[in-house]
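First up is the structure itself, then whatever we jot down about it.
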Amino acid sequence: MKLIINKVRLGKRSYPIIIGKNILPVAAKRIKELKLGTDAIIITNSFLRKKYGHNLVKNLKANNLTVKEFIVPDTEKAKSFIQINKILTSISEYDKDKRLFVIALGGGVVGDLSGFIASVYRRGIPYLQIPTTLLAQIDSSIGGKTAINLTAGKNLIGAFYQPRLVICDIEVLKSLKKRDIVSGLGEAIKYAVIKDKTFFNYLEKNVHKLLACKDDTLITVVDKCSMIKAEIISKDEKEENSIRTVLNFGHTIGHAIESASSYDKFRHGEAIGLGMLCACELSKELKLLKETELNEIEKLIKKAGLPVKIKGIPLNKIIDAHYHDKKFIGKTNRFVLTCGIGKTIIRNNIPLKLIKKVIKKRLF
Ligand code: GLY
């Protein structure tokens with residue numbers, strides 16, 4: 001199967017996203033070729049360590065790299081100051097005559113945490129991403145936003161710090177639970193709605209193949225989504241001129257749903273699916289989106305197995321949580337809306353009454 005290489009273009013900080021099947025066994029060779037350092041720090045969780053970490057360590061060592069591993073919990077709790085302190089202290093004790101670089105082997109939690117560690121240790125050491133979930137392969141491993149959480153909110157502490165390489169092996173997606181594939185699909189549908197009607201049509205036709213983890217479909221989806229994200233990041237790395245803002249489609253209410261449910265009721269992509277539906281309803285209310293297109297989007301979300309109703313969360317909790325959205329400028333809200341599949345429009349000052357109306361419609 002052919003190898004696909006997409007690229008985030010940021011001058012000297014450009015990096016490739018390598019996509020293929022069964023490419024993990026040759027990752028060590030590629031990593032060595034990049035000359036990032038001589039001593040690898042792998043951050044992963046215990047399941048992935050057993051499944052892929054052992055071989056990766058073996059292959060890195062066979063390429064004359066030394067390896068130190070850190071195992072972190074597989075939950076948002078790992079993105080904490082306590083964890084950061086533990087890992088950084090241990091790295092500093094280990095760091096004698098080393099040329100360190102970090103490998104994030106895992107999903108979004110591991111990626112965010114590893115990127116943050118790499119960004120602050122000695123004011124920055126190189127890191128690379130080996131994402132192991134669909135969501136991480138198409139979204140969180142690309143773009144350089146690294147973060148840890150505060151009690152006051154998710155991802156409140158962080159930095160823009162780009163990886164040097166992203167390796168997406170679609171074979172690893174086959175050991176995921178179906179719910180995690182479905183969650184990834186939430187973000188895939190987002191890319192289609194914000195940027196590409198043809199890709200939307202592709203998803204409509206092939207969603208069942210994706211759910212069955214068919215190689216060609218997985219490759220196409222990871223390729224297409226990572227390409228869209230790479231192009232956006234290349235144009236607006238730090239969200240300075242609204243180009244990158246469109247990636248937040250569905251995220252204002254989606255994040256509020258996640259936060260109002262203490263992050264344990266919905267997977268990220270599920271909440272984003274619900275957030276997209278609310279954003280589409282808002283777009284329809286504001287006469288930007290035709291009802292037929294809203295129905296088409298809802299149909300695909302349903303077909304993907306994503307929820308279309310918000311069960312068991314009171315409206316006021318979601319509204320309270322939505323005020324903490326990072327897109328708020330002072331008291332002014334900011335929504336990414338759609339004016340047709342493949343197109344977006346950013347609107348400020350959406351009346352609270354309207355926001356409540358569209359969320360209420362989804363409550364169950
Ligand atoms: N690391 C995820 C992003 O930058 O969007």
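Going through the structure tokens in order, the chains are called A, B, and so on, while each chain numbers its residues from 1 and the ligands are numbered from 1 in the order shown.
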**Study point:** DSSP-assigned helix (DSSP H, G or I) among stretch 167-291 of chain A, expressed as number ranges by chain
**Key:** A: 170-175, 178-195, 197-211, 215-235, 244-248, 251-260, 268-285, 291
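Those residues that approach A:Ser242 to within 12 Å, counting only C-alpha atoms, are Ile232, Ile233, Lys235, Asp236, Asn248, Phe249, Lys327, Arg334, Phe335, Val336, Thr344, Ile345, Ile346 and Arg347 of chain A; same-chain residues fewer than 6 positions away are not listed.
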File of the preceding selection, N, CA and C atoms, as a tab-separated table (two decimals), in the first residue's frame:
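Final output, part-v5.tsv:
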```tsv
chain	number	residue	atom	x	y	z
A	232	ILE	N	-4.71	24.53	6.69
A	232	ILE	CA	-5.18	25.61	7.56
A	232	ILE	C	-4.05	26.08	8.48
A	233	ILE	N	-3.35	25.12	9.10
A	233	ILE	CA	-2.26	25.46	10.03
A	233	ILE	C	-1.15	26.21	9.28
A	235	LYS	N	-1.48	28.23	6.96
A	235	LYS	CA	-1.86	29.62	6.67
A	235	LYS	C	-2.04	30.45	7.93
A	236	ASP	N	-2.38	29.81	9.04
A	236	ASP	CA	-2.72	30.57	10.25
A	236	ASP	C	-2.36	29.73	11.48
A	248	ASN	N	-12.93	25.41	14.75
A	248	ASN	CA	-13.75	25.35	15.97
A	248	ASN	C	-15.23	25.15	15.67
A	249	PHE	N	-15.57	24.88	14.43
A	249	PHE	CA	-16.97	24.63	14.10
A	249	PHE	C	-17.51	23.50	15.00
A	327	LYS	N	-13.28	31.32	22.65
A	327	LYS	CA	-13.56	32.23	21.53
A	327	LYS	C	-14.32	33.48	21.96
A	334	ARG	N	-18.65	34.27	19.89
A	334	ARG	CA	-18.16	34.15	18.52
A	334	ARG	C	-18.43	32.73	18.06
A	335	PHE	N	-19.23	32.57	17.02
A	335	PHE	CA	-19.59	31.24	16.53
A	335	PHE	C	-19.10	31.03	15.11
A	336	VAL	N	-18.60	29.83	14.85
A	336	VAL	CA	-18.34	29.44	13.46
A	336	VAL	C	-19.63	28.80	12.98
A	344	THR	N	-18.00	28.16	5.48
A	344	THR	CA	-18.24	28.67	6.85
A	344	THR	C	-18.35	30.19	6.86
A	345	ILE	N	-18.91	30.66	7.95
A	345	ILE	CA	-18.99	32.11	8.17
A	345	ILE	C	-18.87	32.32	9.69
A	346	ILE	N	-18.13	33.34	10.10
A	346	ILE	CA	-17.97	33.59	11.54
A	346	ILE	C	-18.91	34.73	11.95
A	347	ARG	N	-19.68	34.51	12.99
A	347	ARG	CA	-20.62	35.54	13.46
A	347	ARG	C	-20.40	35.80	14.95
```
For the interface of stretch 91-182 of chain A with stretch 287-306 of chain A (cut-off 10 Å, counting only C-alpha atoms), please tabulate each contacting residue of stretch 91-182 of chain A alongside its nearest pair of atoms and their separation in Å to one decimal, rows sorted by chain and increasing number, as a tab-separated table.
```
residue	atom	partner	partner_atom	distance
A:Lys178	CA	A:Gly305	CA	9.5
A:Arg179	CA	A:Gly305	CA	8.4
A:Ile181	CA	A:Ala304	CA	9.3
A:Val182	CA	A:Ala304	CA	6.3
```
*Spatial neighbours of A:Ser114, max dist 12 Å, only C-alpha atoms, sep filter under 3 positions, as a count of residues only*: 52
- Task: Identify all residues of stretch 140-308 of chain A in strand (DSSP E or B) (DSSP on the backbone) and supply them as a ChimeraX atom specification.
- Result: /A:145-150,153-160,166-169
Quick one: write out the picked residues with N, CA, C and O atoms as a compact mmCIF listing (two decimals), in the first residue's frame?
```txt
# COMPACT_ATOMS: atom_id res chain seq x y z
N LYS A 145 -0.96 22.81 18.98
CA LYS A 145 -1.53 23.27 20.25
C LYS A 145 -1.24 22.20 21.29
O LYS A 145 -1.69 21.06 21.13
N THR A 146 -0.48 22.55 22.31
CA THR A 146 -0.19 21.59 23.37
C THR A 146 -0.84 22.13 24.63
O THR A 146 -1.04 23.34 24.75
N ALA A 147 -1.20 21.26 25.57
CA ALA A 147 -1.94 21.79 26.72
C ALA A 147 -2.00 20.83 27.89
O ALA A 147 -1.92 19.61 27.73
N ILE A 148 -2.18 21.45 29.07
CA ILE A 148 -2.61 20.69 30.25
C ILE A 148 -3.83 21.42 30.85
O ILE A 148 -4.15 22.53 30.43
N ASN A 149 -4.47 20.77 31.79
CA ASN A 149 -5.73 21.31 32.32
C ASN A 149 -5.54 22.01 33.67
O ASN A 149 -4.60 21.72 34.41
N LEU A 150 -6.46 22.89 33.97
CA LEU A 150 -6.57 23.49 35.31
C LEU A 150 -7.94 23.12 35.85
O LEU A 150 -8.83 22.78 35.07
N GLY A 153 -10.59 24.84 34.04
CA GLY A 153 -10.97 24.49 32.67
C GLY A 153 -9.95 23.66 31.95
O GLY A 153 -8.77 23.60 32.35
N LYS A 154 -10.44 23.03 30.88
CA LYS A 154 -9.60 22.14 30.07
C LYS A 154 -8.65 22.99 29.18
O LYS A 154 -9.06 24.05 28.70
N ASN A 155 -7.44 22.50 29.00
CA ASN A 155 -6.47 23.12 28.09
C ASN A 155 -6.18 24.59 28.37
O ASN A 155 -5.89 25.35 27.45
N LEU A 156 -6.27 24.99 29.63
CA LEU A 156 -6.06 26.42 29.93
C LEU A 156 -4.59 26.81 29.95
O LEU A 156 -4.24 27.97 29.80
N ILE A 157 -3.71 25.83 30.16
CA ILE A 157 -2.27 26.11 30.15
C ILE A 157 -1.68 25.41 28.93
O ILE A 157 -1.88 24.21 28.76
N GLY A 158 -0.97 26.15 28.11
CA GLY A 158 -0.41 25.48 26.95
C GLY A 158 0.44 26.39 26.10
O GLY A 158 0.66 27.55 26.43
N ALA A 159 0.92 25.85 25.00
CA ALA A 159 1.78 26.62 24.11
C ALA A 159 1.55 26.13 22.69
O ALA A 159 1.09 25.01 22.49
N PHE A 160 1.86 26.97 21.74
CA PHE A 160 1.93 26.50 20.36
C PHE A 160 3.33 25.94 20.16
O PHE A 160 4.31 26.69 20.31
N VAL A 166 4.72 13.59 12.15
CA VAL A 166 3.52 12.87 12.61
C VAL A 166 3.46 11.58 11.80
O VAL A 166 3.55 11.62 10.57
N ILE A 167 3.36 10.45 12.50
CA ILE A 167 3.30 9.15 11.81
C ILE A 167 1.93 8.53 12.07
O ILE A 167 1.61 8.18 13.22
N CYS A 168 1.12 8.37 11.04
CA CYS A 168 -0.22 7.79 11.19
C CYS A 168 -0.26 6.41 10.55
O CYS A 168 -0.28 6.29 9.32
N ASP A 169 -0.27 5.39 11.38
CA ASP A 169 -0.39 4.02 10.89
C ASP A 169 -1.85 3.60 11.07
O ASP A 169 -2.32 3.44 12.20
```
As a PDB file with N, CA and C atoms, in the first residue's frame, please: the residues near A:Tyr52 (cut-off 10 Å, only C-alpha atoms, same-chain neighbours under 3 positions excluded).
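Once written, around-v9.pdb looks like this:
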```pdb
ATOM      1  N   LEU A  24       4.313   1.451  11.433  1.00  0.00           N
ATOM      2  CA  LEU A  24       4.909   1.596  12.771  1.00  0.00           C
ATOM      3  C   LEU A  24       6.252   0.854  12.896  1.00  0.00           C
ATOM      4  N   PRO A  25       6.357  -0.366  12.342  1.00  0.00           N
ATOM      5  CA  PRO A  25       7.639  -1.075  12.465  1.00  0.00           C
ATOM      6  C   PRO A  25       8.820  -0.337  11.831  1.00  0.00           C
ATOM      7  N   THR A  44       3.488   7.354  26.853  1.00  0.00           N
ATOM      8  CA  THR A  44       2.396   6.522  26.358  1.00  0.00           C
ATOM      9  C   THR A  44       1.550   6.031  27.538  1.00  0.00           C
ATOM     10  N   PHE A  47      -1.617   0.308  28.102  1.00  0.00           N
ATOM     11  CA  PHE A  47      -2.133  -0.560  27.049  1.00  0.00           C
ATOM     12  C   PHE A  47      -1.275  -0.440  25.778  1.00  0.00           C
ATOM     13  N   LEU A  48      -0.997   0.798  25.388  1.00  0.00           N
ATOM     14  CA  LEU A  48      -0.235   1.014  24.148  1.00  0.00           C
ATOM     15  C   LEU A  48       1.216   0.577  24.288  1.00  0.00           C
ATOM     16  N   ARG A  49       1.711   0.695  25.512  1.00  0.00           N
ATOM     17  CA  ARG A  49       3.093   0.259  25.740  1.00  0.00           C
ATOM     18  C   ARG A  49       3.222  -1.229  25.415  1.00  0.00           C
ATOM     19  N   ASN A  55       7.858  -2.993  20.858  1.00  0.00           N
ATOM     20  CA  ASN A  55       8.508  -3.095  19.546  1.00  0.00           C
ATOM     21  C   ASN A  55       9.173  -1.794  19.143  1.00  0.00           C
ATOM     22  N   LEU A  56       8.495  -0.696  19.447  1.00  0.00           N
ATOM     23  CA  LEU A  56       9.073   0.610  19.108  1.00  0.00           C
ATOM     24  C   LEU A  56      10.411   0.791  19.838  1.00  0.00           C
ATOM     25  N   VAL A  57      10.429   0.432  21.125  1.00  0.00           N
ATOM     26  CA  VAL A  57      11.663   0.547  21.922  1.00  0.00           C
ATOM     27  C   VAL A  57      12.766  -0.315  21.290  1.00  0.00           C
ATOM     28  N   LEU A 105       3.262   8.581  21.969  1.00  0.00           N
ATOM     29  CA  LEU A 105       2.625   7.388  21.397  1.00  0.00           C
ATOM     30  C   LEU A 105       1.257   7.241  22.054  1.00  0.00           C
ATOM     31  N   GLY A 106       0.219   7.719  21.377  1.00  0.00           N
ATOM     32  CA  GLY A 106      -1.108   7.627  21.990  1.00  0.00           C
ATOM     33  C   GLY A 106      -2.136   8.526  21.339  1.00  0.00           C
ATOM     34  N   THR A 132      -2.574   7.277  17.882  1.00  0.00           N
ATOM     35  CA  THR A 132      -3.122   5.917  17.819  1.00  0.00           C
ATOM     36  C   THR A 132      -4.652   5.881  17.825  1.00  0.00           C
ATOM     37  N   VAL A 172      -3.156   0.615  13.402  1.00  0.00           N
ATOM     38  CA  VAL A 172      -3.383   0.699  14.858  1.00  0.00           C
ATOM     39  C   VAL A 172      -4.838   1.060  15.175  1.00  0.00           C
TER      40      VAL A 172
END
```
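Minimum distance to A:Thr252 across A:Lys2, A:Lys224, A:Arg123, A:His324 (counting only C-alpha atoms) occurs at A:His324.
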In terms of only C-alpha atoms, the residue from A:Ile228, A:Leu282, A:Glu93, A:Ile194 at minimal distance from A:Lys353 is A:Leu282
